[in-house]
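S.K.: Okay, here's the structure, questions in a sec.
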Amino acid sequence: MDERQLTAWLLELIRRTSTDLPADVEAALVAARDREEGRARSTLDWILKNCAEARARSMPICQDTGTLILHVEHGPDVGPWLIERAARAAAAEATRQSFLRPNAVSPVSGKNSGDNTGLGAPFVTCHGVEEPGALRASLVLKGGGCENVGIQYSLPDDRLGAGRDWRGVKACILDAALQAQGFGCAPGVLGVGVGGDRATSYLESKAQLFRRVDEVNPDPELAAVEAELLGKVNQLGVGPMGFGGQTTVFGVKLGLRHRVPASFFVSVSYMCWAYRRRSLRLERGQPVYG
Amino acid sequence: MANKAIRLPVDEAAIRALAVGDEVEISGVMITARDAAHKYMVESDAAEVRELLRGGIIYHCGPVVARDGAGWRFVAAGPTTSIREEPYEHEVIRRYGLRGVIGKGGMGPRTLEACKLHGAVYLHAIGGLAVLLAQAVKQVRAVHRLEEFGPPEAMWVIEVERFPAVVTMDAHGRSLHAEVLERSTARARELMRTFT
């Protein structure tokens, strides 16, 4: 595969992700707007107008273009090193073209690298598959405001009275939404990872954010928990931007990972309403964007 | 509800007349400041922005900017989370005679107290409303500390026209954020009991 070609495809993937909200997310925001009234409704009206404008003008929906979370499945003919190099080049070019804000700063000094590349940035994971010529890339741009309200619990949790069972897991999810208030730019979506270790539990919560908002969990037990929590979190009354209202989240997505007997983590990643998630796949060598 | 117009610089009486829930539209020259800038304003005397801060408004924002000839243009400019400036803001309000802060998520008790004491308000812009809010920025007049702080953290001097925001903390000690937190915490306590 040609590196420059791949860079151009990834650049277009970044542009679309930053400027064009996915249809399932927008439909959820429209549905929320339609059931709200007062300030909650006018806030969602502003948000929808902003999304339409961003799309029409090819400009970033939100100025915090976030962290690039890029996951790529590739066939044996493409080396992950090539994908990583192309991703870095695409991120730098997207920054030059103002689709991304220069958002990678040195952790302690705060010095901005200027082009979104740096130590561990962008965050790219590659997964090899057997199928020749395969290339499937998924990208989420996740802003800092919502990342900061993410939280990890270790069960049992005395403060919450949460034990190592479904009741305990549900208590964590509700508490995470309560703590988040409007800070993560509500209404958002909660990605939840249950189990794993500290790292993989959070990773699972992020992986959940690659799912469509309207996708029902194929596991009926998890689907029931997702539906129950969606309903109950929305009874908190936090509402859009934390101004009050019925829509605090428009999705709860849950994934499980086996854990060691000693650890029981529940990790919650909050994705803001500017839920920038797009994909790219190759069909007969041609890029198809989703 | 009619939007109230605020023209900068603004006096104390006009700010004290505002109450939680008021929708306002701000016009005039204001300045962006976030983490690095707040630290700077508190640890030095920030002479280059002193004049603008008196009767002025700070916007918690790290914009996407583009070069526009010799100058700059705001491409995307929604608010950033304000609570990070809680350790500094009360001092900035007191020391510089600031009349308002625009951001998102609200701020804490020290800022609320400073608003009451000195006559200032917290104005909530809609988080992520980057394109529409950038359109309210008519001109970038100057930028301070660009090299040192980087584009998101630099202090951008901007002229805005009819910039929309909602008063969520007023100069009378009321905070919408504290009220929503209290109500939702009580509700969460009830909901916790429904889990099986």
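Each chain in the structure tokens gets a letter, A, B, ..., in the order shown, and its residues are numbered from 1; ligands are numbered from 1 in order too.
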Please identify which residues in chain B DSSP calls helix (DSSP H, G or I) from the backbone, and express them as a PyMOL selection string.
M.R.: chain B and resi 12-16+35-43+47-53+83-96+109-118+130-136+146-149+176-192
S.K.: Show me, as a PyMOL selection string, every residue of chain A with an atom at most 8 Å from chain B, counting only C-alpha atoms.
M.R.: chain A and resi 43+46-47+50+53-54+59-64+98+100-103+110-112+114+145+166-167+170-171+174-175+178+181-183+185+232+235-238+241-244+274
S.K.: Excluding A:Gly128 and residues on its chain fewer than 3 positions from it, collect all residues at most 12 Å away from it, counting only C-alpha atoms, and give them as a PyMOL selection string.
M.R.: chain A and resi 71-81+83+125+131-137
S.K.: From the set A:Ala31, A:Leu190, A:Ala86, A:Ile14, which residue has the shortest atom-to-atom contact distance to A:Gly66, counting only C-alpha atoms?
M.R.: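 Comparing A:Ala31, A:Leu190, A:Ala86, A:Ile14 against A:Gly66, the winner is A:Ile14.
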S.K.: Name all residues at most 6 Å from stretch 275-281 of chain A (count only C-alpha atoms; drop same-chain ones fewer than 5 positions away) and give them as a ChimeraX atom specification.
M.R.: /A:17,21,135-141,287-290
S.K.: Give me the residues within 7 Å of B:Gly28 as a PyMOL selection string, counting only C-alpha atoms and dropping any in the same chain fewer than 2 places off.
M.R.: chain B and resi 7-8+26+30+159-161
S.K.: Can you spit out the residues from that selection as a CSV table (one decimal), in the first residue's frame, using N, CA and C atoms?
M.R.:
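Final output, saved to selection-v3.csv:
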chain,number,residue,atom,x,y,z
B,7,ARG,N,-22.9,45.6,26.5
B,7,ARG,CA,-21.9,46.2,25.7
B,7,ARG,C,-20.6,46.4,26.5
B,8,LEU,N,-19.5,46.0,26.0
B,8,LEU,CA,-18.3,46.1,26.8
B,8,LEU,C,-17.5,47.3,26.5
B,26,ILE,N,-23.6,39.5,24.1
B,26,ILE,CA,-22.5,40.4,24.4
B,26,ILE,C,-21.9,41.0,23.2
B,30,MET,N,-13.4,41.5,24.1
B,30,MET,CA,-13.1,40.7,25.3
B,30,MET,C,-11.8,39.8,25.0
B,159,GLU,N,-13.0,40.9,19.1
B,159,GLU,CA,-14.2,41.8,19.1
B,159,GLU,C,-15.4,40.9,18.7
B,160,VAL,N,-16.4,40.9,19.6
B,160,VAL,CA,-17.5,40.0,19.4
B,160,VAL,C,-18.8,40.8,19.1
B,161,GLU,N,-19.7,40.2,18.5
B,161,GLU,CA,-21.0,40.9,18.2
B,161,GLU,C,-22.1,39.9,18.5
S.K.: Between atom CA of A:Asn234 and atom CA of A:Leu222, what is the spacing in Å?
M.R.: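 Those two atoms sit 18.3 Å apart.
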S.K.: Work out how far apart atom CA of A:Leu229 and atom CA of A:Ala207 are and give it in Å to one decimal.
M.R.: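 If I compute the distance from atom CA of A:Leu229 to atom CA of A:Ala207, I get 18.7 Å.
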S.K.: Fewer than 4 positions away in the same chain doesn't count, so skip those; otherwise give me all residues within 7 Å of B:Leu53, counting only C-alpha atoms, as a list in words.
M.R.: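 The contact residues come out as Val49, Ile57, Tyr96, Gly97 and Leu98 of chain B.
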S.K.: Would you compute the distance between atom CA of A:Tyr153 and atom CA of A:Ala199? Give it in Å to one decimal.
M.R.: 12.5 Å
S.K.: Just want the 9 Å neighbourhood of B:Glu113, counted on only C-alpha atoms, with same-chain residues fewer than 6 positions away dropped. Output as a count of residues only.
M.R.: 3
S.K.: Counting only C-alpha atoms, which of B:Ile31, B:Ala70, B:Arg141, B:Gly55 gets nearest to B:Val10?
M.R.: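 That would be B:Gly55, the residue with the smallest distance to B:Val10.
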S.K.: Could you please write out, as number ranges by chain, every residue of chain B that DSSP assigns to strand (DSSP E or B)?
M.R.: B: 4-7, 23-32, 57-59, 64-68, 71-76, 81, 100-104, 121-124, 137-144, 155-169, 175
